[in-house]
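Down below is the structure, laid out as structure tokens.
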Amino acid sequence: MPRLGSVNRSSHRLVLAFAAILLASYAAAVTPRSDHEIEVNVEQRLEGHPELGSRSIRASVDHGVATLEGRVRLLSEAWAAERVVADVRGLTGIENRLAVEETGRTNDELRASLKRHFEDRVELGGNIVITVEAGHVVLAGTVKDARVRFTARDAAAETRGVLSVEDRIATPATSDEDVLKAIKKLLGPGSLVGVRGDVRPTVKDGIVTLDGTVMILSSRTAAERVVLGINGVKQVENHLAVVVKRPPGEWN
């Protein structure tokens, strides 16, 4: 049987080791990062992605803003590239210049393909109106659940030949007061959404303005997506600022 003193010493060492790990993690989180360090991480994320790694995507970072250039097969891949790199620490913005391959499909051919993709998703029903013009898609109509708009967007973006998607989908009318309550519930303290920061929402005639700060770029994107998934929200004006420390000589 181990002696009591040895058990206490072992526990003490474990506590010290755990504290050291926490301290190292905190130090890494607050240490300023150079554009080069951020760029290396962005490239690693893209190269390590199972679908994007084989694409010819070039990344550069200037004053914390990443520019993505190159070609992808689908619009969904261009969107995925943004999501993959958005949680790189130190990144404050993304300029997506990725070009989607054109297929030469006519408007009617592309619309027919979109309708087939939408029919495969039961939740979309027949409530989405699709307009196509030279690869640019507009989604309209009314849905009962605002979160369905994301399914519609994704279905369109996964269709070959779609170059852009504009979301004009309407949702059931909801008072500004109820919209604000829903936002605070989803983004407030203890939220499980994963938005890290201080988000201050206001609502006027269904238009939501997000002010405040977040600690990482992915939180800025997540906050907007959460709000767009609430019935009654017509538009989101995202003014959330990503606050990071920059090395001397690289201040914005």
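Going through the structure tokens in order, the chains are called A, B, and so on, while each chain numbers its residues from 1 and the ligands are numbered from 1 in the order shown.
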
**OP:** Just the residues within 8 Å of A:Lys144, please, counting only C-alpha atoms, with nothing from its chain fewer than 6 positions along; format it as a PyMOL selection string.
**Re:** chain A and resi 171-172+231

Original post:
Which residues come within 7 Å of A:Val208, counting only C-alpha atoms, excluding same-chain residues fewer than 5 positions away, as a ChimeraX atom specification?
Top reply: /A:201-203,233,235-237

**OP:** May I ask which of the residues A:Leu228, A:Val122, A:Leu46, A:Ala134 is the closest one to A:Glu109, counting only C-alpha atoms?
**Re:**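 Selected residue with least distance to A:Glu109: A:Ala134.
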
**OP:** Please identify which residues in stretch 53-136 of chain A DSSP calls alpha helix (DSSP H) from the backbone, and express them as a list of chain:residue names.
**Re:** A:Leu75, A:Ser76, A:Glu77, A:Ala78, A:Trp79, A:Ala80, A:Ala81, A:Glu82, A:Arg83, A:Val84, A:Val85, A:Asn107, A:Asp108, A:Glu109, A:Leu110, A:Arg111, A:Ala112, A:Ser113, A:Leu114, A:Lys115, A:Arg116, A:His117, A:Phe118, A:Glu119

Next, dump the selected residues to file, keeping only C-alpha atoms, as an mmCIF file, in the first residue's frame.
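The result, stored in result30.cif:
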```
data_model
loop_
_atom_site.group_PDB
_atom_site.id
_atom_site.type_symbol
_atom_site.label_atom_id
_atom_site.label_comp_id
_atom_site.auth_asym_id
_atom_site.auth_seq_id
_atom_site.Cartn_x
_atom_site.Cartn_y
_atom_site.Cartn_z
ATOM 1 C CA LEU A 75 -19.023 26.924 -54.876
ATOM 2 C CA SER A 76 -19.408 24.795 -51.733
ATOM 3 C CA GLU A 77 -15.635 24.242 -51.810
ATOM 4 C CA ALA A 78 -15.006 27.992 -51.870
ATOM 5 C CA TRP A 79 -17.267 28.341 -48.831
ATOM 6 C CA ALA A 80 -15.579 25.398 -47.115
ATOM 7 C CA ALA A 81 -12.181 27.049 -47.577
ATOM 8 C CA GLU A 82 -13.376 30.039 -45.556
ATOM 9 C CA ARG A 83 -14.776 27.856 -42.783
ATOM 10 C CA VAL A 84 -11.614 25.756 -42.575
ATOM 11 C CA VAL A 85 -9.322 28.725 -41.963
ATOM 12 C CA ASN A 107 -30.005 28.548 -67.354
ATOM 13 C CA ASP A 108 -32.667 25.878 -67.916
ATOM 14 C CA GLU A 109 -30.180 23.012 -67.493
ATOM 15 C CA LEU A 110 -28.810 24.466 -64.267
ATOM 16 C CA ARG A 111 -32.294 25.168 -62.900
ATOM 17 C CA ALA A 112 -33.314 21.561 -63.608
ATOM 18 C CA SER A 113 -30.220 20.272 -61.799
ATOM 19 C CA LEU A 114 -30.956 22.512 -58.812
ATOM 20 C CA LYS A 115 -34.545 21.291 -58.623
ATOM 21 C CA ARG A 116 -33.315 17.681 -58.523
ATOM 22 C CA HIS A 117 -30.926 18.517 -55.687
ATOM 23 C CA PHE A 118 -33.698 20.268 -53.777
ATOM 24 C CA GLU A 119 -36.120 17.368 -54.263
#
```

**OP:** Using only C-alpha atoms, determine which residues lie at most 8 Å from A:Arg220, disregarding the query and same-chain residues fewer than 3 positions distant; provide the list as a list in words.
**Re:** Val195, Val214, Ile216, Leu217, Ala223, Glu224, Asn238, Leu240, Ala241 and Val242 of chain A
